[in-house]
$ cat work00.csv   # CSV, C-alpha atoms
chain,number,residue,atom,x,y,z
A,1,MET,CA,-25.2,19.8,61.9
A,2,ASN,CA,-27.2,19.7,58.7
A,3,GLN,CA,-26.0,22.0,55.9
A,4,HIS,CA,-28.7,24.4,54.6
A,5,LYS,CA,-28.3,27.3,52.3
A,6,PRO,CA,-27.5,30.3,54.7
A,7,ILE,CA,-29.9,33.1,55.3
A,8,LYS,CA,-28.1,36.3,54.1
A,9,LYS,CA,-31.0,38.4,52.9
A,10,ALA,CA,-33.9,40.0,54.8
A,11,VAL,CA,-37.0,41.8,53.5
A,12,PHE,CA,-38.6,44.6,55.5
A,13,PRO,CA,-42.1,45.7,54.4
A,14,VAL,CA,-42.1,49.4,55.2
A,15,ALA,CA,-44.6,50.8,52.6
A,16,GLY,CA,-47.5,51.3,55.0
A,17,LEU,CA,-49.1,54.7,55.6
A,18,GLY,CA,-49.1,54.5,59.4
A,19,THR,CA,-52.6,56.0,59.6
A,20,ARG,CA,-53.1,54.8,63.2
A,21,PHE,CA,-50.3,57.2,64.3
A,22,LEU,CA,-51.5,60.3,62.4
A,23,PRO,CA,-50.8,63.2,62.6
A,24,ALA,CA,-47.3,62.1,63.8
A,25,THR,CA,-46.8,60.1,60.6
A,26,LYS,CA,-48.0,62.7,58.2
A,27,ALA,CA,-44.4,63.6,57.3
A,28,ILE,CA,-42.4,61.0,59.2
A,29,PRO,CA,-42.5,57.2,58.4
A,30,LYS,CA,-43.9,55.3,61.3
A,31,GLU,CA,-40.8,53.1,61.2
A,32,LEU,CA,-38.8,56.1,62.2
A,33,LEU,CA,-40.8,56.8,65.3
A,34,PRO,CA,-38.5,56.2,68.3
A,35,ILE,CA,-38.7,53.7,71.1
A,36,VAL,CA,-36.8,55.8,73.6
A,37,ASP,CA,-33.9,56.9,71.3
A,38,ARG,CA,-33.8,54.4,68.5
A,39,PRO,CA,-36.2,54.3,65.6
A,40,LEU,CA,-38.4,51.2,65.4
A,41,ILE,CA,-36.7,50.2,62.1
A,42,GLN,CA,-33.3,50.3,63.8
A,43,TYR,CA,-34.3,47.6,66.3
A,44,ALA,CA,-35.4,45.3,63.4
A,45,VAL,CA,-32.3,45.9,61.3
A,46,ASP,CA,-30.0,45.3,64.4
A,47,GLU,CA,-31.9,42.1,65.0
A,48,ALA,CA,-31.3,40.9,61.5
A,49,ARG,CA,-27.6,41.8,61.6
A,50,GLU,CA,-27.2,39.8,64.8
A,51,ALA,CA,-28.6,36.8,63.0
A,52,GLY,CA,-26.0,37.1,60.2
A,53,ILE,CA,-28.1,38.9,57.7
A,54,GLU,CA,-25.9,40.8,55.2
A,55,GLN,CA,-28.4,42.3,52.7
A,56,ILE,CA,-31.2,44.5,53.9
A,57,ILE,CA,-34.2,44.9,51.4
A,58,PHE,CA,-36.7,47.6,52.2
A,59,VAL,CA,-40.0,47.4,50.3
A,60,THR,CA,-41.0,51.1,50.5
A,61,GLY,CA,-43.7,53.4,49.3
A,62,ARG,CA,-44.1,57.1,48.6
A,63,GLY,CA,-42.8,59.3,51.4
A,64,LYS,CA,-40.5,56.6,52.8
A,65,THR,CA,-37.1,57.8,51.6
A,66,ALA,CA,-36.2,59.0,55.1
A,67,ILE,CA,-35.8,55.4,56.1
A,68,VAL,CA,-33.0,54.9,53.7
A,69,GLU,CA,-31.5,58.3,54.8
A,70,HIS,CA,-31.4,57.0,58.3
A,71,PHE,CA,-28.9,54.3,57.3
A,72,ASP,CA,-26.8,56.6,55.2
A,73,VAL,CA,-23.7,58.6,56.3
A,74,ALA,CA,-24.6,62.0,57.6
A,75,TYR,CA,-21.5,64.0,56.8
A,76,GLU,CA,-22.5,67.4,58.3
A,77,LEU,CA,-23.8,65.9,61.5
A,78,GLU,CA,-20.8,63.7,62.0
A,79,ALA,CA,-18.4,66.5,61.2
A,80,THR,CA,-20.1,68.8,63.7
A,81,MET,CA,-20.1,66.1,66.4
A,82,LYS,CA,-16.5,65.3,65.8
A,83,GLU,CA,-15.6,69.0,66.1
A,84,ARG,CA,-17.4,69.2,69.4
A,85,GLY,CA,-15.9,66.1,70.8
A,86,LYS,CA,-19.2,64.2,70.9
A,87,ASP,CA,-19.4,60.4,71.2
A,88,MET,CA,-19.7,59.1,67.6
A,89,SER,CA,-20.3,55.5,68.5
A,90,VAL,CA,-24.1,56.2,68.9
A,91,LEU,CA,-24.2,56.5,65.1
A,92,ASP,CA,-22.4,53.2,64.3
A,93,PRO,CA,-25.5,51.0,63.9
A,94,THR,CA,-27.0,53.6,61.5
A,95,ARG,CA,-24.1,53.4,58.9
A,96,ALA,CA,-24.8,50.7,56.4
A,97,THR,CA,-22.0,49.2,54.4
A,98,PRO,CA,-22.2,50.5,50.8
A,99,GLY,CA,-24.5,48.2,48.7
A,100,ASP,CA,-26.0,46.4,51.7
A,101,ILE,CA,-29.3,48.2,51.6
A,102,ILE,CA,-31.6,47.9,48.6
A,103,THR,CA,-35.0,49.4,48.1
A,104,VAL,CA,-37.9,48.4,45.9
A,105,ARG,CA,-41.3,50.2,45.6
A,106,GLN,CA,-44.7,48.7,46.3
A,107,GLN,CA,-46.7,51.1,44.2
A,108,VAL,CA,-50.1,49.8,45.3
A,109,PRO,CA,-51.2,48.6,48.8
A,110,LEU,CA,-52.2,45.1,48.0
A,111,GLY,CA,-51.1,43.5,51.2
A,112,LEU,CA,-48.2,41.8,52.9
A,113,GLY,CA,-47.9,39.0,50.4
A,114,HIS,CA,-47.7,41.5,47.5
A,115,ALA,CA,-45.1,43.5,49.4
A,116,ILE,CA,-42.9,40.5,49.7
A,117,TRP,CA,-43.4,39.5,46.1
A,118,CYS,CA,-42.1,43.0,45.1
A,119,ALA,CA,-38.7,41.9,46.3
A,120,ARG,CA,-38.6,38.7,44.2
A,121,ALA,CA,-35.9,39.9,41.8
A,122,ILE,CA,-33.5,40.7,44.7
A,123,VAL,CA,-34.3,37.5,46.6
A,124,GLY,CA,-33.7,35.4,43.6
A,125,ASP,CA,-33.2,31.7,44.3
A,126,GLU,CA,-32.1,32.1,47.9
A,127,PRO,CA,-34.0,31.5,51.2
A,128,PHE,CA,-34.6,34.8,53.0
A,129,ALA,CA,-35.9,36.3,56.2
A,130,ILE,CA,-38.8,38.7,56.7
A,131,LEU,CA,-39.0,41.1,59.6
A,132,LEU,CA,-42.1,43.2,60.2
A,133,PRO,CA,-40.8,46.3,62.1
A,134,ASP,CA,-44.1,46.9,63.8
A,135,GLU,CA,-43.5,43.8,65.8
A,136,LEU,CA,-40.7,44.8,68.3
A,137,MET,CA,-39.1,41.5,69.5
A,138,VAL,CA,-36.8,41.8,72.5
A,139,GLY,CA,-34.8,38.8,73.6
A,140,GLU,CA,-31.3,37.4,74.2
A,141,PRO,CA,-30.5,36.4,71.6
A,142,GLY,CA,-32.8,38.2,69.3
A,143,CYS,CA,-35.8,36.5,67.6
A,144,MET,CA,-34.2,36.2,64.2
A,145,LYS,CA,-31.0,34.7,65.7
A,146,GLN,CA,-33.2,32.1,67.4
A,147,MET,CA,-34.9,31.3,64.2
A,148,VAL,CA,-31.7,31.1,62.1
A,149,ASP,CA,-30.3,28.7,64.7
A,150,ALA,CA,-33.4,26.5,64.3
A,151,TYR,CA,-33.2,26.8,60.5
A,152,ASN,CA,-29.6,25.5,60.6
A,153,GLU,CA,-31.0,22.3,62.2
A,154,VAL,CA,-34.2,21.7,60.2
A,155,GLY,CA,-34.1,23.9,57.0
A,156,GLY,CA,-37.2,24.6,55.1
A,157,ASN,CA,-39.6,27.3,56.2
A,158,LEU,CA,-40.0,28.7,59.6
A,159,VAL,CA,-42.3,31.2,61.4
A,160,SER,CA,-41.9,32.8,64.8
A,161,VAL,CA,-45.0,32.2,67.1
A,162,LEU,CA,-46.3,33.3,70.4
A,163,GLU,CA,-49.2,32.1,72.5
A,164,VAL,CA,-52.1,34.6,73.0
A,165,PRO,CA,-55.4,34.3,74.8
A,166,GLN,CA,-57.8,32.3,72.6
A,167,GLU,CA,-60.2,35.2,72.3
A,168,ASP,CA,-57.6,37.3,70.5
A,169,VAL,CA,-56.7,34.8,67.7
A,170,SER,CA,-59.0,36.4,65.1
A,171,SER,CA,-56.6,39.3,64.8
A,172,TYR,CA,-53.6,37.2,63.7
A,173,GLY,CA,-52.3,34.5,61.5
A,174,VAL,CA,-52.6,31.2,63.4
A,175,ILE,CA,-50.7,27.9,63.0
A,176,ALA,CA,-52.1,24.4,63.2
A,177,PRO,CA,-49.3,22.7,65.2
A,178,GLY,CA,-48.1,19.2,64.5
A,179,ALA,CA,-45.4,17.2,66.1
A,180,SER,CA,-43.1,18.8,68.7
A,181,ILE,CA,-39.4,18.7,67.7
A,182,SER,CA,-38.2,20.3,70.9
A,183,ASP,CA,-39.5,22.7,73.6
A,184,THR,CA,-39.4,25.6,71.2
A,185,LEU,CA,-39.7,23.9,67.7
A,186,THR,CA,-43.0,22.6,66.4
A,187,GLU,CA,-44.0,21.2,63.1
A,188,VAL,CA,-46.6,23.3,61.2
A,189,THR,CA,-49.5,21.4,59.5
A,190,GLY,CA,-51.6,24.4,58.5
A,191,LEU,CA,-51.9,28.2,58.6
A,192,VAL,CA,-55.1,30.3,58.8
A,193,GLU,CA,-55.2,34.1,58.5
A,194,LYS,CA,-57.5,35.8,61.1
A,195,PRO,CA,-59.8,32.8,61.8
A,196,PRO,CA,-63.0,33.1,63.8
A,197,VAL,CA,-62.2,32.2,67.5
A,198,ALA,CA,-64.3,29.0,67.3
A,199,GLU,CA,-62.4,27.8,64.2
A,200,ALA,CA,-58.8,28.7,65.2
A,201,PRO,CA,-56.6,25.6,65.1
A,202,SER,CA,-54.5,26.9,68.1
A,203,ASN,CA,-53.7,30.0,70.1
A,204,LYS,CA,-50.2,30.2,68.5
A,205,ILE,CA,-50.0,33.3,66.4
A,206,ILE,CA,-47.4,34.2,63.8
A,207,SER,CA,-45.4,37.1,65.3
A,208,GLY,CA,-43.8,39.0,62.5
A,209,ARG,CA,-40.7,37.0,61.8
A,210,TYR,CA,-40.3,34.4,58.9
A,211,ILE,CA,-37.6,32.4,57.1
A,212,LEU,CA,-38.9,31.3,53.7
A,213,GLN,CA,-37.7,29.4,50.7
A,214,PRO,CA,-37.7,31.3,47.4
A,215,GLU,CA,-40.6,29.1,46.1
A,216,VAL,CA,-43.0,31.3,48.0
A,217,MET,CA,-42.4,34.0,45.4
A,218,ARG,CA,-43.8,31.6,42.7
A,219,THR,CA,-46.7,30.9,44.9
A,220,LEU,CA,-47.5,34.6,45.4
A,221,GLU,CA,-47.2,35.2,41.7
A,222,ASN,CA,-50.6,33.8,40.9
A,223,GLN,CA,-52.4,34.1,44.2
A,224,GLY,CA,-55.7,35.9,44.6
A,225,LYS,CA,-56.8,38.2,47.4
A,226,GLY,CA,-57.6,36.7,50.8
A,227,ALA,CA,-58.7,38.1,54.1
A,228,GLY,CA,-59.3,41.8,54.1
A,229,GLY,CA,-59.2,41.9,50.3
A,230,GLU,CA,-55.4,41.7,50.3
A,231,ILE,CA,-52.9,39.2,49.0
A,232,GLN,CA,-52.0,37.4,52.2
A,233,LEU,CA,-48.5,36.0,52.9
A,234,THR,CA,-50.1,33.4,55.2
A,235,ASP,CA,-52.2,32.0,52.3
A,236,ALA,CA,-49.1,31.5,50.2
A,237,MET,CA,-47.2,29.8,53.1
A,238,ALA,CA,-50.2,27.5,53.7
A,239,ARG,CA,-50.0,26.3,50.1
A,240,MET,CA,-46.4,25.3,50.6
A,241,ILE,CA,-47.1,23.1,53.6
A,242,GLY,CA,-46.7,19.5,52.7
A,243,ASN,CA,-44.3,20.3,49.8
A,244,GLN,CA,-41.5,21.6,52.0
A,245,PRO,CA,-40.5,21.3,55.7
A,246,PHE,CA,-42.4,23.9,57.8
A,247,HIS,CA,-41.8,24.6,61.4
A,248,ALA,CA,-42.7,27.2,64.1
A,249,VAL,CA,-40.2,28.6,66.6
A,250,THR,CA,-41.7,29.8,69.9
A,251,PHE,CA,-39.8,33.0,70.6
A,252,ALA,CA,-38.1,33.2,74.0
A,253,GLY,CA,-38.5,36.9,74.7
A,254,ASN,CA,-41.0,39.7,74.7
A,255,ARG,CA,-43.1,41.0,71.9
A,256,TYR,CA,-44.5,44.5,71.6
A,257,ASP,CA,-47.2,45.3,69.0
A,258,CYS,CA,-45.9,48.8,68.0
A,259,GLY,CA,-48.5,48.9,65.2
A,260,SER,CA,-50.9,50.0,68.0
A,261,LYS,CA,-50.6,53.2,70.1
A,262,THR,CA,-50.9,51.3,73.4
A,263,GLY,CA,-48.3,48.7,72.3
A,264,PHE,CA,-46.0,51.5,71.3
A,265,VAL,CA,-46.3,53.2,74.7
A,266,GLU,CA,-45.8,49.8,76.4
A,267,ALA,CA,-42.6,49.2,74.4
A,268,THR,CA,-41.3,52.6,75.2
A,269,LEU,CA,-41.9,52.2,78.9
A,270,ALA,CA,-40.6,48.6,79.0
A,271,LEU,CA,-37.3,49.4,77.3
A,272,ALA,CA,-36.8,52.6,79.2
A,273,LEU,CA,-37.2,50.7,82.5
A,274,GLN,CA,-34.4,48.3,81.3
A,275,ARG,CA,-32.0,51.1,80.6
A,276,GLU,CA,-29.2,51.5,83.1
A,277,ASP,CA,-28.9,55.3,82.3
A,278,MET,CA,-32.6,56.0,83.0
A,279,GLY,CA,-34.4,53.0,84.4
A,280,GLU,CA,-34.6,54.1,88.0
A,281,GLU,CA,-35.7,57.6,87.1
A,282,VAL,CA,-38.4,56.3,84.7
A,283,ARG,CA,-39.7,53.9,87.4
A,284,ALA,CA,-40.0,56.7,89.9
A,285,ILE,CA,-41.9,58.8,87.3
A,286,ALA,CA,-44.3,55.9,86.6
A,287,GLU,CA,-44.9,55.3,90.3
A,288,ARG,CA,-45.6,59.0,90.9
A,289,LEU,CA,-48.0,59.2,88.0
A,290,LEU,CA,-49.8,56.0,89.1
A,291,ALA,CA,-50.2,57.5,92.6
A,292,GLN,CA,-52.0,60.6,91.4
$ encode --input "work00.csv" --output "structure tokens"
Amino acid sequence: MNQHKPIKKAVFPVAGLGTRFLPATKAIPKELLPIVDRPLIQYAVDEAREAGIEQIIFVTGRGKTAIVEHFDVAYELEATMKERGKDMSVLDPTRATPGDIITVRQQVPLGLGHAIWCARAIVGDEPFAILLPDELMVGEPGCMKQMVDAYNEVGGNLVSVLEVPQEDVSSYGVIAPGASISDTLTEVTGLVEKPPVAEAPSNKIISGRYILQPEVMRTLENQGKGAGGEIQLTDAMARMIGNQPFHAVTFAGNRYDCGSKTGFVEATLALALQREDMGEEVRAIAERLLAQ
């Protein structure tokens, strides 16, 4: 196996206002809205940990301190649960090792590329992962673990991709695919952010998971605004193609767009149906509602 510098850091852009979920997100970060009984951010952090990520970097904004609180030790809660003989294991994933979570502020909403650039001092000269919590990726193993396994083979930069109907491509970043390395690994020859349907190079969209080399920070440093008047991460990655290896990993699993209300409901229903403790009951409820 080729030796590549390991992926130990992950950046989570969580500074968004969550306006599509108002009024629920007026006082609660959208990343803490639960899919059944786990906050959205917890799924992404657990996915990163499964992939061997050791340092979690949250790029936050005003009103987002509750995200960090979620991964802190809740002394009063735990003491009360212990006194009452409650199962404490449910809190295990929420306890971060001291020093493993770092936060930086994105003071102005200038786009995803700018949010990633805000973490430049922490990333330093190491390759790093990016996980967008709005994209709930469910698979065995998780999406980031699949990507790290591919990275250990080819190195360089990787993005996770999924195929969507051609008419939907203008809502996403889209890859121009090159040579196929395997059934799930494809060379990337170009990237386009939200292209018109007729100009899209493929129907393979970037699905919220990345492994990037630190040079992307230098690229973002002097990058102007792109689609939507924001500093786009896709534009920075496109400029790196040809200078470094760039591949796409087709995720073997399910993606739920929890940035939309319908996607959020779909994710909640899908994961509830998979649960041994409630799946049958939820299925019966859904069937009863559909029959009305």
$ closest_atom_pairs --input "work00.csv" --of "range 20-95 of chain A" --to "range 143-154 of chain A" --cutoff "10 Å" --atoms "only C-alpha atoms" --output "Markdown table"
| residue | atom | partner | partner_atom | distance |
| --- | --- | --- | --- | --- |
| A:Ala44 | CA | A:Met144 | CA | 9.2 |
| A:Glu47 | CA | A:Met144 | CA | 6.4 |
| A:Ala48 | CA | A:Met144 | CA | 6.1 |
| A:Arg49 | CA | A:Lys145 | CA | 8.9 |
| A:Glu50 | CA | A:Lys145 | CA | 6.4 |
| A:Ala51 | CA | A:Lys145 | CA | 4.2 |
| A:Gly52 | CA | A:Lys145 | CA | 7.8 |
| A:Ile53 | CA | A:Met144 | CA | 9.3 |
$ atom_distance --input "work00.csv" --atom1 "CA of Lys86 in chain A" --atom2 "CA of Gln274 in chain A"
24.3 Å
$ closest_residue --input "work00.csv" --among "A:Ala115, A:Leu40, A:Pro133, A:Ile211" --to "Lys8 in chain A" --atoms "all atoms listed in the file"
A:Ile211
$ closest_residue --input "work00.csv" --among "A:Ala236, A:Ile205, A:Ala179, A:Ile28" --to "Val159 in chain A" --atoms "only C-alpha atoms"
A:Ile205
$ residues_around --input "work00.csv" --residues "Gly16 in chain A" --least-positions-apart "2" --cutoff "9 Å" --atoms "all atoms listed in the file" --output "PyMOL selection string"
chain A and resi 13-14+18-19+29-30+60-61+109
$ closest_residue --input "work00.csv" --among "A:Ile130, A:Leu273, A:Met81, A:Val249" --to "Phe12 in chain A" --atoms "only C-alpha atoms"
A:Ile130
$ residues_around --input "work00.csv" --residues "Val192 in chain A" --least-positions-apart "6" --cutoff "10 Å" --atoms "all atoms listed in the file" --output "list in words"
Ser170, Tyr172, Gly173, Val174, Ile175, Ala176, Glu199, Ala200, Pro201, Ser202, Ile205, Ile206, Ala227, Thr234, Asp235, Met237 and Ala238 of chain A
$ closest_residue --input "work00.csv" --among "A:Ile122, A:Val108, A:Ala291, A:Leu191" --to "Leu158 in chain A" --atoms "all atoms listed in the file"
A:Leu191
$ residues_around --input "work00.csv" --residues "Val138 in chain A" --least-positions-apart "6" --cutoff "10 Å" --atoms "all atoms listed in the file" --output "number ranges by chain"
A: 43-44, 47, 251-256, 267, 271
$ atom_distance --input "work00.csv" --atom1 "CA of Thr184 in chain A" --atom2 "CA of Asp257 in chain A"
21.3 Å
$ atom_distance --input "work00.csv" --atom1 "CA of Thr97 in chain A" --atom2 "CA of Ile116 in chain A"
23.1 Å
$ residues_around --input "work00.csv" --residues "Glu187 in chain A" --least-positions-apart "2" --cutoff "6 Å" --atoms "only C-alpha atoms" --output "PyMOL selection string"
chain A and resi 177-179+247
$ closest_residue --input "work00.csv" --among "A:Pro23, A:Pro98, A:Gly124, A:Gly208" --to "Leu136 in chain A" --atoms "all atoms listed in the file"
A:Gly208
$ residues_around --input "work00.csv" --residues "Gln244 in chain A" --least-positions-apart "6" --cutoff "9 Å" --atoms "only C-alpha atoms" --output "list in words"
Gly156, Asn157 and Gln213 of chain A
$ closest_residue --input "work00.csv" --among "A:Arg288, A:His4, A:Arg84, A:Lys9" --to "Phe58 in chain A" --atoms "only C-alpha atoms"
A:Lys9
$ decode --input "work00.csv" --residues "range 199-217 of chain A" --atoms "N, CA and C atoms" --output "PDB file, in the first residue's frame"
ATOM      1  N   GLU A 199     -24.978  22.447 -19.825  1.00  0.00           N
ATOM      2  CA  GLU A 199     -23.518  22.582 -19.836  1.00  0.00           C
ATOM      3  C   GLU A 199     -22.837  21.703 -18.791  1.00  0.00           C
ATOM      4  N   ALA A 200     -23.605  20.923 -18.055  1.00  0.00           N
ATOM      5  CA  ALA A 200     -23.030  20.085 -16.999  1.00  0.00           C
ATOM      6  C   ALA A 200     -22.169  18.979 -17.598  1.00  0.00           C
ATOM      7  N   PRO A 201     -20.948  18.783 -17.097  1.00  0.00           N
ATOM      8  CA  PRO A 201     -20.052  17.765 -17.653  1.00  0.00           C
ATOM      9  C   PRO A 201     -20.441  16.341 -17.278  1.00  0.00           C
ATOM     10  N   SER A 202     -21.330  16.178 -16.304  1.00  0.00           N
ATOM     11  CA  SER A 202     -21.808  14.849 -15.914  1.00  0.00           C
ATOM     12  C   SER A 202     -23.007  15.039 -14.985  1.00  0.00           C
ATOM     13  N   ASN A 203     -23.542  13.930 -14.510  1.00  0.00           N
ATOM     14  CA  ASN A 203     -24.607  14.006 -13.496  1.00  0.00           C
ATOM     15  C   ASN A 203     -24.085  13.541 -12.145  1.00  0.00           C
ATOM     16  N   LYS A 204     -22.762  13.574 -11.982  1.00  0.00           N
ATOM     17  CA  LYS A 204     -22.149  13.174 -10.708  1.00  0.00           C
ATOM     18  C   LYS A 204     -21.895  14.425  -9.876  1.00  0.00           C
ATOM     19  N   ILE A 205     -22.619  14.523  -8.760  1.00  0.00           N
ATOM     20  CA  ILE A 205     -22.536  15.722  -7.931  1.00  0.00           C
ATOM     21  C   ILE A 205     -21.642  15.495  -6.716  1.00  0.00           C
ATOM     22  N   ILE A 206     -21.000  16.561  -6.275  1.00  0.00           N
ATOM     23  CA  ILE A 206     -20.203  16.507  -5.049  1.00  0.00           C
ATOM     24  C   ILE A 206     -21.162  16.472  -3.865  1.00  0.00           C
ATOM     25  N   SER A 207     -20.977  15.493  -2.988  1.00  0.00           N
ATOM     26  CA  SER A 207     -21.998  15.236  -1.970  1.00  0.00           C
ATOM     27  C   SER A 207     -21.528  15.508  -0.545  1.00  0.00           C
ATOM     28  N   GLY A 208     -20.818  16.604  -0.359  1.00  0.00           N
ATOM     29  CA  GLY A 208     -20.590  17.090   0.998  1.00  0.00           C
ATOM     30  C   GLY A 208     -19.482  16.430   1.796  1.00  0.00           C
ATOM     31  N   ARG A 209     -18.602  15.678   1.146  1.00  0.00           N
ATOM     32  CA  ARG A 209     -17.455  15.073   1.823  1.00  0.00           C
ATOM     33  C   ARG A 209     -16.220  15.276   0.943  1.00  0.00           C
ATOM     34  N   TYR A 210     -15.126  15.717   1.579  1.00  0.00           N
ATOM     35  CA  TYR A 210     -13.912  16.038   0.841  1.00  0.00           C
ATOM     36  C   TYR A 210     -12.688  15.579   1.627  1.00  0.00           C
ATOM     37  N   ILE A 211     -11.628  15.239   0.922  1.00  0.00           N
ATOM     38  CA  ILE A 211     -10.289  15.120   1.500  1.00  0.00           C
ATOM     39  C   ILE A 211      -9.390  15.982   0.632  1.00  0.00           C
ATOM     40  N   LEU A 212      -8.780  17.005   1.232  1.00  0.00           N
ATOM     41  CA  LEU A 212      -8.014  17.971   0.449  1.00  0.00           C
ATOM     42  C   LEU A 212      -6.614  18.159   1.008  1.00  0.00           C
ATOM     43  N   GLN A 213      -5.709  18.490   0.123  1.00  0.00           N
ATOM     44  CA  GLN A 213      -4.346  18.830   0.512  1.00  0.00           C
ATOM     45  C   GLN A 213      -4.304  20.283   0.996  1.00  0.00           C
ATOM     46  N   PRO A 214      -3.352  20.617   1.853  1.00  0.00           N
ATOM     47  CA  PRO A 214      -3.346  21.962   2.460  1.00  0.00           C
ATOM     48  C   PRO A 214      -3.153  23.090   1.459  1.00  0.00           C
ATOM     49  N   GLU A 215      -2.666  22.778   0.258  1.00  0.00           N
ATOM     50  CA  GLU A 215      -2.477  23.822  -0.756  1.00  0.00           C
ATOM     51  C   GLU A 215      -3.778  24.528  -1.120  1.00  0.00           C
ATOM     52  N   VAL A 216      -4.916  23.886  -0.848  1.00  0.00           N
ATOM     53  CA  VAL A 216      -6.185  24.532  -1.174  1.00  0.00           C
ATOM     54  C   VAL A 216      -6.356  25.824  -0.380  1.00  0.00           C
ATOM     55  N   MET A 217      -5.740  25.909   0.795  1.00  0.00           N
ATOM     56  CA  MET A 217      -5.837  27.136   1.592  1.00  0.00           C
ATOM     57  C   MET A 217      -5.139  28.295   0.885  1.00  0.00           C
TER      58      MET A 217
END
